[in-house]
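One file, input.txt, is given below (compact mmCIF, C-alpha atoms).
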```
# COMPACT_ATOMS: atom_id res chain seq x y z
CA MET A 1 86.51 124.31 50.90
CA ARG A 2 88.56 123.32 47.88
CA ARG A 3 87.20 120.18 46.31
CA SER A 4 88.96 117.44 44.43
CA SER A 5 87.84 116.94 40.88
CA PHE A 6 86.01 113.86 39.68
CA ILE A 7 87.04 111.91 36.81
CA GLY A 8 84.58 111.47 34.14
CA LEU A 9 86.17 108.73 32.11
CA GLY A 10 89.63 107.52 32.87
CA VAL A 11 91.17 110.45 34.76
CA LEU A 12 91.14 109.71 38.47
CA ALA A 13 91.48 112.97 40.34
CA VAL A 14 93.33 116.20 40.60
CA PHE A 15 93.80 117.80 43.98
CA SER A 16 94.08 121.41 44.98
CA GLY A 17 95.92 121.29 48.27
CA SER A 18 93.80 118.64 49.95
CA LEU A 19 91.29 115.95 49.20
CA ALA A 20 87.83 117.34 49.41
CA CYS A 21 84.19 116.59 49.53
CA GLY A 22 82.46 113.86 47.70
CA GLY A 23 81.44 110.32 47.18
CA ALA A 24 78.22 108.76 48.29
CA VAL A 25 78.05 107.31 51.71
CA VAL A 26 75.18 105.27 53.03
CA SER A 27 75.21 105.10 56.78
CA ALA A 28 72.44 102.97 58.22
CA PRO A 29 70.53 101.82 55.15
CA ALA A 30 66.88 101.59 56.12
CA SER A 31 66.66 97.85 55.70
CA SER A 32 69.90 96.95 57.44
CA GLY A 33 68.99 98.02 60.94
CA THR A 34 72.48 99.33 61.61
CA GLY A 35 74.03 102.70 62.25
CA GLY A 36 72.51 105.17 64.64
CA GLY A 37 69.71 107.44 63.65
CA SER A 38 70.05 108.22 59.98
CA VAL A 39 67.86 106.32 57.54
CA ALA A 40 70.49 106.88 54.89
CA SER A 41 73.01 109.52 54.10
CA ALA A 42 75.16 110.10 51.08
CA ASN A 43 78.03 112.47 50.94
CA GLY A 44 78.09 113.35 47.34
CA ALA A 45 80.27 113.52 44.34
CA PRO A 46 83.99 113.26 44.44
CA VAL A 47 83.69 116.04 41.92
CA PRO A 48 81.66 119.04 41.26
CA GLY A 49 82.10 120.38 37.80
CA PRO A 50 83.25 118.96 34.51
CA PRO A 51 86.21 116.58 34.50
CA PRO A 52 89.54 118.38 34.25
CA ALA A 53 92.85 117.17 33.04
CA GLY A 54 95.01 116.08 35.92
CA ASN A 55 96.88 113.38 37.72
CA PHE A 56 96.27 110.88 40.45
CA GLY A 57 97.12 113.22 43.31
CA PRO A 58 98.69 112.24 46.61
CA PHE A 59 97.90 108.99 48.37
CA GLY A 60 100.02 109.79 51.40
CA GLY A 61 100.43 107.58 54.40
CA GLY A 62 97.77 107.46 57.08
CA THR A 63 97.95 106.94 60.80
CA GLY A 64 96.73 104.20 63.11
CA THR A 65 97.45 100.53 63.60
CA SER A 66 96.40 97.57 61.44
CA VAL A 67 93.84 94.97 62.39
CA GLY A 68 94.51 91.45 61.18
CA GLY A 69 93.27 90.81 57.69
CA SER A 70 94.48 89.61 54.33
CA MET A 71 93.37 90.05 50.75
CA PRO A 72 92.45 86.82 48.93
CA VAL A 73 94.63 86.35 45.85
CA GLY A 74 91.85 85.14 43.57
CA VAL A 75 88.08 85.33 43.76
CA GLY A 76 85.55 83.07 42.11
CA SER A 77 82.15 84.11 40.83
CA ASN A 78 80.55 83.25 44.15
CA GLY A 79 82.83 85.64 45.98
CA ALA A 80 84.79 82.93 47.78
CA SER A 81 88.54 83.31 48.01
CA ALA A 82 90.73 81.10 45.86
CA SER A 83 94.40 80.30 45.89
CA GLY A 84 96.90 81.13 43.18
CA THR A 85 96.21 83.77 40.55
CA ALA A 86 92.83 84.99 39.39
CA SER A 87 90.17 82.30 39.43
CA SER A 88 88.92 81.18 36.02
CA ASP A 89 85.27 81.61 36.99
CA THR A 90 85.57 85.25 37.99
CA VAL A 91 82.74 87.12 36.29
CA SER A 92 83.13 90.26 34.24
CA SER A 93 81.00 93.39 34.16
CA ALA A 94 77.35 92.48 33.76
CA PRO A 95 76.14 93.10 30.19
CA GLY A 96 72.78 94.38 29.10
CA PRO A 97 70.86 97.62 28.89
CA GLY A 98 69.53 97.62 32.44
CA LEU A 99 66.13 96.92 33.95
CA PRO A 100 62.74 98.49 33.13
CA GLY A 101 60.95 100.82 35.51
CA LEU A 102 63.53 103.61 35.92
CA VAL A 103 61.95 106.86 37.12
CA THR A 104 63.34 110.40 37.03
CA LEU A 105 62.29 112.20 40.23
CA ALA A 106 64.05 115.48 39.38
CA LYS A 107 66.02 116.72 36.38
CA GLY A 108 67.79 119.88 35.23
CA GLN A 109 70.01 119.96 38.32
CA THR A 110 73.26 121.94 38.27
CA CYS A 111 76.17 120.39 40.15
CA PRO A 112 74.22 117.84 42.26
CA TRP A 113 76.61 116.57 44.91
CA GLY A 114 75.28 114.67 47.95
CA MET A 115 72.06 112.69 48.55
CA ALA A 116 70.15 111.30 51.52
CA ILE A 117 66.78 109.60 51.99
CA ASP A 118 64.25 109.22 54.78
CA ALA A 119 60.90 107.42 54.87
CA THR A 120 59.18 109.80 52.46
CA SER A 121 61.66 111.97 50.56
CA VAL A 122 64.97 112.19 48.72
CA TYR A 123 67.24 115.09 49.73
CA TRP A 124 70.26 116.41 47.87
CA THR A 125 72.64 119.32 47.54
CA ASN A 126 73.34 121.28 44.39
CA CYS A 127 76.84 122.38 45.24
CA GLY A 128 76.90 126.02 44.08
CA ASP A 129 80.61 126.06 43.43
CA PRO A 130 81.49 128.69 44.45
CA THR A 131 78.07 130.31 45.09
CA SER A 132 74.30 129.84 44.82
CA GLY A 133 73.96 126.25 46.00
CA ASN A 134 70.76 124.70 47.37
CA VAL A 135 69.49 121.96 49.66
CA LEU A 136 66.45 120.36 48.00
CA LYS A 137 63.99 117.52 48.43
CA VAL A 138 61.45 115.63 46.36
CA PRO A 139 58.88 113.01 47.43
CA LYS A 140 60.00 109.44 46.78
CA ALA A 141 56.70 108.90 45.00
CA GLY A 142 57.40 111.88 42.74
CA GLY A 143 56.12 115.42 42.88
CA GLU A 144 57.27 118.97 43.53
CA VAL A 145 60.93 119.74 44.17
CA VAL A 146 61.21 121.90 47.31
CA THR A 147 64.16 124.12 48.22
CA LEU A 148 64.98 123.88 51.94
CA ALA A 149 68.06 126.12 52.15
CA ALA A 150 70.66 127.97 50.10
CA GLY A 151 74.39 128.52 50.48
CA ASP A 152 77.84 128.38 48.94
CA ARG A 153 79.97 125.32 48.17
CA LEU A 154 77.46 122.78 49.53
CA SER A 155 78.56 119.14 49.73
CA GLY A 156 77.86 116.26 52.16
CA ILE A 157 74.30 115.71 53.38
CA ALA A 158 72.50 113.46 55.89
CA VAL A 159 68.98 113.23 57.34
CA ASP A 160 67.29 111.91 60.46
CA SER A 161 63.66 111.92 61.61
CA THR A 162 63.57 115.67 62.25
CA SER A 163 66.33 117.49 60.37
CA VAL A 164 68.51 117.65 57.29
CA TYR A 165 72.26 118.24 57.85
CA TRP A 166 74.82 119.41 55.32
CA VAL A 167 78.27 120.88 54.85
CA ALA A 168 78.50 124.46 53.60
CA GLY A 169 81.57 126.41 52.57
CA THR A 170 82.43 130.00 51.80
CA GLU A 171 82.85 131.63 48.42
CA ASP A 172 86.60 131.91 48.89
CA ALA A 173 86.88 128.30 50.17
CA SER A 174 88.59 129.53 53.34
CA SER A 175 86.31 127.75 55.84
CA GLY A 176 83.05 125.86 56.26
CA ALA A 177 80.15 125.03 58.53
CA ILE A 178 77.91 122.15 59.59
CA MET A 179 74.31 123.22 59.05
CA LYS A 180 70.83 121.85 59.70
CA VAL A 181 67.23 122.69 58.84
CA PRO A 182 63.92 120.94 59.72
CA VAL A 183 62.87 118.35 57.13
CA GLY A 184 59.70 120.36 56.57
CA GLY A 185 61.62 123.57 56.00
CA GLY A 186 62.38 126.55 58.20
CA THR A 187 65.33 128.61 59.33
CA PRO A 188 68.73 126.94 58.92
CA THR A 189 70.92 126.60 62.01
CA THR A 190 74.71 126.56 62.18
CA LEU A 191 75.86 123.68 64.40
CA ALA A 192 79.60 124.29 64.00
CA SER A 193 81.77 126.78 62.11
CA ARG A 194 85.11 125.40 61.02
CA ALA A 195 88.32 126.74 59.55
CA GLY A 196 89.57 123.23 58.81
CA GLU A 197 87.74 122.40 55.58
CA PRO A 198 84.85 120.16 56.73
CA ALA A 199 83.69 117.63 54.17
CA HIS A 200 81.76 114.33 54.18
CA LEU A 201 78.96 113.92 56.69
CA ALA A 202 77.08 111.25 58.72
CA VAL A 203 74.62 111.44 61.60
CA ASP A 204 73.42 109.24 64.46
CA THR A 205 70.95 109.85 67.28
CA SER A 206 73.26 112.23 69.17
CA TYR A 207 75.93 113.69 66.90
CA VAL A 208 76.86 114.82 63.42
CA TYR A 209 80.24 113.43 62.31
CA TRP A 210 82.40 114.76 59.51
CA VAL A 211 85.82 114.57 57.91
CA GLU A 212 88.02 117.61 58.39
CA GLN A 213 90.68 117.97 55.72
CA GLU A 214 92.98 120.22 57.72
CA PRO A 215 94.63 119.24 59.99
CA GLY A 216 93.13 115.84 59.14
CA ALA A 217 90.59 114.54 61.65
CA ILE A 218 87.20 112.95 62.24
CA MET A 219 85.10 115.48 64.14
CA LYS A 220 81.67 115.51 65.76
CA VAL A 221 79.20 117.98 67.23
CA ALA A 222 75.95 117.45 69.13
CA LEU A 223 72.76 117.62 67.07
CA THR A 224 71.83 120.67 69.13
CA GLY A 225 75.15 122.39 68.43
CA GLY A 226 77.96 123.37 70.79
CA ALA A 227 81.68 122.76 70.83
CA ALA A 228 83.03 120.43 68.16
CA THR A 229 85.25 117.61 69.43
CA MET A 230 87.78 115.37 67.72
CA VAL A 231 87.02 111.67 67.46
CA THR A 232 90.46 110.78 66.07
CA MET A 233 93.19 111.99 63.76
CA ALA A 234 92.60 110.99 60.13
CA ARG A 235 95.12 112.10 57.56
CA LEU A 236 93.89 112.39 53.95
CA ALA A 237 90.46 111.06 54.86
CA TRP A 238 87.39 111.05 52.62
CA GLN A 239 83.96 109.44 52.93
CA ILE A 240 82.44 108.51 56.29
CA ALA A 241 79.90 105.99 57.62
CA LEU A 242 78.68 104.83 61.03
CA ASP A 243 77.42 101.86 62.95
CA ASP A 244 76.29 101.78 66.58
CA ALA A 245 79.80 101.92 68.03
CA ASN A 246 82.25 103.07 65.37
CA VAL A 247 82.97 105.57 62.65
CA TYR A 248 84.51 104.37 59.38
CA TRP A 249 86.24 106.28 56.60
CA LEU A 250 88.44 105.83 53.57
CA GLY A 251 91.98 107.11 53.26
CA GLN A 252 95.22 105.17 53.27
CA GLY A 253 92.96 102.16 53.80
CA LEU A 254 89.53 101.42 55.22
CA MET A 255 89.84 102.94 58.67
CA SER A 256 87.82 102.74 61.89
CA ALA A 257 87.73 104.40 65.31
CA PRO A 258 85.31 104.31 68.27
CA LYS A 259 82.67 107.03 68.18
CA LEU A 260 83.63 107.89 71.75
CA GLY A 261 87.15 108.63 70.59
CA GLY A 262 90.38 106.69 70.35
CA ALA A 263 93.14 105.55 68.04
CA ALA A 264 92.35 104.78 64.42
CA ILE A 265 92.85 101.26 63.12
CA GLU A 266 93.17 100.04 59.54
CA LEU A 267 90.76 97.24 58.64
CA THR A 268 92.30 96.48 55.25
CA SER A 269 95.89 95.71 56.12
CA GLY A 270 97.68 94.53 53.00
CA GLY A 271 94.75 95.44 50.76
CA PRO A 272 94.65 97.90 47.87
CA PRO A 273 94.98 101.64 48.42
CA MET A 274 91.71 103.54 48.51
CA LEU A 275 90.97 105.93 45.68
CA PRO A 276 89.32 109.34 46.18
CA THR A 277 86.29 108.31 44.10
CA ALA A 278 85.72 105.15 46.18
CA ASP A 279 82.92 104.88 48.74
CA LEU A 280 81.85 102.73 51.67
CA ALA A 281 78.63 101.45 53.26
CA VAL A 282 78.02 99.71 56.59
CA GLY A 283 75.95 96.54 56.74
CA ALA A 284 74.83 94.42 59.69
CA ALA A 285 78.30 93.00 60.42
CA ASN A 286 80.52 94.10 57.55
CA VAL A 287 81.75 97.23 55.82
CA TYR A 288 81.52 97.24 52.02
CA PHE A 289 83.58 99.47 49.77
CA THR A 290 84.37 100.18 46.15
CA SER A 291 88.00 100.58 45.27
CA GLY A 292 90.79 99.16 43.20
CA PRO A 293 94.21 100.67 42.64
CA PRO A 294 95.08 102.26 39.28
CA GLY A 295 95.20 99.40 36.80
CA GLY A 296 93.47 97.11 39.28
CA THR A 297 90.02 95.58 39.61
CA SER A 298 86.81 97.53 40.08
CA GLY A 299 83.88 96.09 42.01
CA VAL A 300 82.76 95.54 45.60
CA THR A 301 84.91 94.38 48.52
CA THR A 302 84.00 93.70 52.14
CA VAL A 303 85.65 93.24 55.52
CA PRO A 304 84.11 92.52 58.96
CA SER A 305 83.44 95.74 60.83
CA GLN A 306 85.78 94.62 63.62
CA GLY A 307 88.52 93.56 61.19
CA GLY A 308 89.33 90.22 59.61
CA THR A 309 89.65 88.71 56.16
CA VAL A 310 89.05 91.06 53.26
CA ARG A 311 86.76 89.39 50.70
CA VAL A 312 85.93 90.44 47.15
CA VAL A 313 82.15 90.31 46.62
CA TYR A 314 82.32 91.17 42.92
CA ALA A 315 85.28 91.74 40.64
CA ASP A 316 85.29 93.11 37.12
CA ALA A 317 87.54 90.75 35.18
CA SER A 318 87.23 92.61 31.88
CA GLY A 319 90.70 94.11 32.26
CA ALA A 320 89.44 97.67 31.74
CA PHE A 321 89.88 99.93 34.75
CA THR A 322 86.99 102.23 35.60
CA PRO A 323 87.07 104.59 38.60
CA PRO A 324 85.18 103.26 41.64
CA GLY A 325 82.05 105.15 42.64
CA PRO A 326 79.28 105.28 45.25
CA ILE A 327 77.86 102.24 47.03
CA ALA A 328 74.82 101.37 49.18
CA VAL A 329 73.79 98.12 50.82
CA ASP A 330 70.62 96.60 52.20
CA ALA A 331 70.13 93.25 53.92
CA THR A 332 70.76 91.19 50.78
CA ARG A 333 72.45 93.23 48.05
CA ALA A 334 75.07 95.84 47.29
CA TYR A 335 74.31 98.60 44.79
CA TRP A 336 77.06 100.63 43.19
CA ALA A 337 78.16 102.71 40.23
CA ASP A 338 81.50 103.30 38.55
CA GLY A 339 83.11 105.28 35.77
CA SER A 340 81.36 103.17 33.11
CA ASP A 341 78.23 105.29 33.66
CA ALA A 342 76.28 102.22 34.76
CA VAL A 343 74.61 101.20 38.04
CA PHE A 344 74.92 97.61 39.26
CA SER A 345 73.70 95.23 41.96
CA VAL A 346 75.16 92.02 43.38
CA PRO A 347 74.16 89.72 46.27
CA LEU A 348 76.20 90.38 49.41
CA SER A 349 77.21 86.72 49.32
CA GLY A 350 78.78 87.27 45.90
CA GLY A 351 77.85 86.16 42.41
CA ALA A 352 77.07 87.68 39.03
CA ALA A 353 76.32 91.39 38.89
CA THR A 354 73.07 92.75 37.48
CA THR A 355 73.09 95.95 35.43
CA LEU A 356 70.37 98.21 36.80
CA ALA A 357 70.83 101.09 34.37
CA THR A 358 73.23 102.39 31.73
CA GLU A 359 73.94 105.85 30.29
CA GLN A 360 73.90 107.37 33.78
CA ASN A 361 76.52 110.07 33.27
CA ASN A 362 78.65 110.47 36.40
CA VAL A 363 76.67 108.86 39.25
CA VAL A 364 77.85 110.58 42.42
CA ALA A 365 75.59 109.25 45.20
CA ILE A 366 73.41 106.20 45.80
CA ALA A 367 71.01 105.04 48.52
CA VAL A 368 68.50 102.23 49.04
CA ASP A 369 65.41 101.55 51.15
CA GLU A 370 62.98 98.63 51.38
CA THR A 371 61.33 99.36 48.03
CA ALA A 372 63.75 101.15 45.70
CA VAL A 373 67.31 102.18 44.94
CA TYR A 374 67.98 105.89 44.29
CA TRP A 375 70.94 107.64 42.73
CA LEU A 376 72.14 111.09 41.87
CA VAL A 377 73.44 111.77 38.36
CA ASN A 378 75.88 114.67 38.11
CA GLY A 379 75.88 114.71 34.33
CA ASN A 380 77.75 117.73 33.06
CA ALA A 381 77.70 119.60 36.34
CA SER A 382 77.84 123.08 34.82
CA ALA A 383 75.14 122.47 32.21
CA GLY A 384 72.10 121.56 34.31
CA GLN A 385 72.20 117.89 33.32
CA GLY A 386 71.94 116.46 36.82
CA ALA A 387 69.05 114.24 37.91
CA VAL A 388 67.60 112.25 40.80
CA MET A 389 66.76 108.70 39.70
CA LYS A 390 64.75 105.83 41.21
CA LEU A 391 64.49 102.14 40.33
CA PRO A 392 61.97 99.97 42.22
CA LEU A 393 63.54 96.83 43.69
CA SER A 394 60.59 94.92 42.25
CA ALA A 395 62.38 95.26 38.90
CA LEU A 396 65.20 93.07 40.26
CA ASP A 397 62.75 90.59 41.72
CA ALA A 398 60.79 90.38 38.46
CA ALA A 399 64.02 89.75 36.55
CA GLY A 400 64.95 86.92 38.92
CA HIS A 401 67.73 88.85 40.65
```
Is it possible to express this structure as structure tokens?
Amino acid sequence: MRRSSFIGLGVLAVFSGSLACGGAVVSAPASSGTGGGSVASANGAPVPGPPPAGNFGPFGGGTGTSVGGSMPVGVGSNGASASGTASSDTVSSAPGPGLPGLVTLAKGQTCPWGMAIDATSVYWTNCGDPTSGNVLKVPKAGGEVVTLAAGDRLSGIAVDSTSVYWVAGTEDASSGAIMKVPVGGGTPTTLASRAGEPAHLAVDTSYVYWVEQEPGAIMKVALTGGAATMVTMARLAWQIALDDANVYWLGQGLMSAPKLGGAAIELTSGGPPMLPTADLAVGAANVYFTSGPPGGTSGVTTVPSQGGTVRVVYADASGAFTPPGPIAVDATRAYWADGSDAVFSVPLSGGAATTLATEQNNVVAIAVDETAVYWLVNGNASAGQGAVMKLPLSALDAAGH
């Protein structure tokens, strides 16, 4: 599949034909108790490879109907909506060098793309664009990096209690496949072969779901394989996440459709357009996303999973636009990264952001469990500068955050 290119600093994206794989997605964070089956899954970078020159690409119209909802005009530092223009107590990007305790679980990775976690391990794809990619894992406590599978143009990844699932392509980018392998290793299985450019991935207790770039659809296939079926049409879709009843994705807006199939609805009517580097995560009752139109505000925004008022959780009021990046949530906090090469956290109720780490060159995926937050650094994708990072949540607690 042909992938869109990530923006290192300041350039948003350049597209070759269609939007393609990338961006971290956390579906069912371990501590949230939502989303079927997957402890956490992350779909990877909006970009494999070094940042190219380019333009913003197409943000064409999507399909589906809008669910009631409005964007607050101003947001205070506690995340509450305010009337008029920007509230005077809106906080800016959190300063500081980050928190102590950061651990490197794996380094020297070439083109790391997607990441997922289960109870014991971190899994990720090295994309291999166009060839020689790998599916790998490392213990959360640290230890040996194990290769589970190999393939070409690897991207989105997810995990459940028995298997790891990922998207593979072909060297000529003409088609792709949904693959799986046991978490302990073994022979990979092809669940579905697709000519329609499969991309981002999520899993529940019965199905694997993915975005298909052409003709533009949300698809699913049983965990045991078989015929792939369409959940709904989804033009220019990227990123995907699940709860018990619905599938969510980014495109023209934050979109939703029943897992059983049906018309797509837009949850962010009147809100900002979604950018290809943005990401989403599903909490207990809300969907959280990073976005902000060109020249707009970076940060974290939320909307009820059934639609309603769109609320800004955290807004960067510095005036400098940085591309939105991956996001994860647990029961109390959101964790995200952006084009500033920093990783942040903020309470879901809103408030000041905490800088978790700086100098994290091109964070492309993020996930969280009960004890730590993990992220995938792409670095210079072609130079083996990628890494798997871990920060214990006790560092936030010790710092009073």
field: atom CA of A:Ser340 to atom CA of A:Leu250, distance in Å rounded to a single decimal
entry: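 Value for the atom CA of A:Ser340-atom CA of A:Leu250 distance: 21.8 Å.
Distance annotation: of A:Gly108, A:Pro392, A:Pro304, A:Pro215, the residue with the minimal separation from A:Val368 is A:Pro392; atom set is only C-alpha atoms.
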Surrounding residues of A:Val343 excluding itself and chain neighbours under 3 positions, 6 Å, only C-alpha atoms, as a VMD selection string: chain A and resid 336 to 337 356 to 357
message: Taking all atoms listed in the file into account, name the residue in A:Ala257, A:Leu275, A:Leu393, A:Gly386 that is nearest to A:Thr332.
response: A:Leu393
- prompt: Which neighbours of A:Ala383 fall inside 9 Å, counting all atoms listed in the file, when residues of the same chain fewer than 5 positions from it are skipped, and could you give them as a list in words?
  reply: Gly108, Gln109, Thr110 and Cys111 of chain A
task: Using all atoms listed in the file, pick whichever of A:Asp172, A:Asp369, A:Glu266, A:Asp243 has the shortest atom-to-atom distance to A:Asp330.
output: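 Among A:Asp172, A:Asp369, A:Glu266, A:Asp243, it is A:Asp369 that comes nearest to A:Asp330.
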task: Skip stretch 182-184 of chain A itself and residues of its chain fewer than 2 positions away, then list as a list of chain:residue names all residues within 7 Å of it, counting all atoms listed in the file.
output: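 Final neighbour list, sorted by chain and number: A:Thr162, A:Ser163, A:Val164, A:Lys180, A:Gly186.
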Store the residues picked out above in a file with C-alpha atoms, as a PDB file, in the coordinates of the input.
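Okay, this is what ended up in selection27.pdb:
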```pdb
ATOM      1  CA  THR A 162      63.570 115.670  62.250  1.00  0.00           C
ATOM      2  CA  SER A 163      66.330 117.490  60.370  1.00  0.00           C
ATOM      3  CA  VAL A 164      68.510 117.650  57.290  1.00  0.00           C
ATOM      4  CA  LYS A 180      70.830 121.850  59.700  1.00  0.00           C
ATOM      5  CA  GLY A 186      62.380 126.550  58.200  1.00  0.00           C
TER       6      GLY A 186
END
```
- prompt: Which value, in Å to one decimal, gives the distance between atom CA of A:Glu212 and atom CA of A:Gly226?
  reply: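 Straight-line distance from atom CA of A:Glu212 to atom CA of A:Gly226 works out to 17.0 Å.
In this structure, atom CA of A:Gln213 sits 23.9 Å away from atom CA of A:Ser305.
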message: My list of candidates is A:Gly325, A:Lys140, A:Leu99, A:Ile178. Which is closest to A:Ala372 when distances are computed with only C-alpha atoms?
response: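 Distance minimum relative to A:Ala372 lands on A:Lys140.
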task: Rank nothing, just name the residue among A:Met179, A:Val122, A:Val138, A:Ile265 nearest to A:Gly307, using all atoms listed in the file.
output: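 Checking each candidate against A:Gly307, we get A:Ile265 as the closest.
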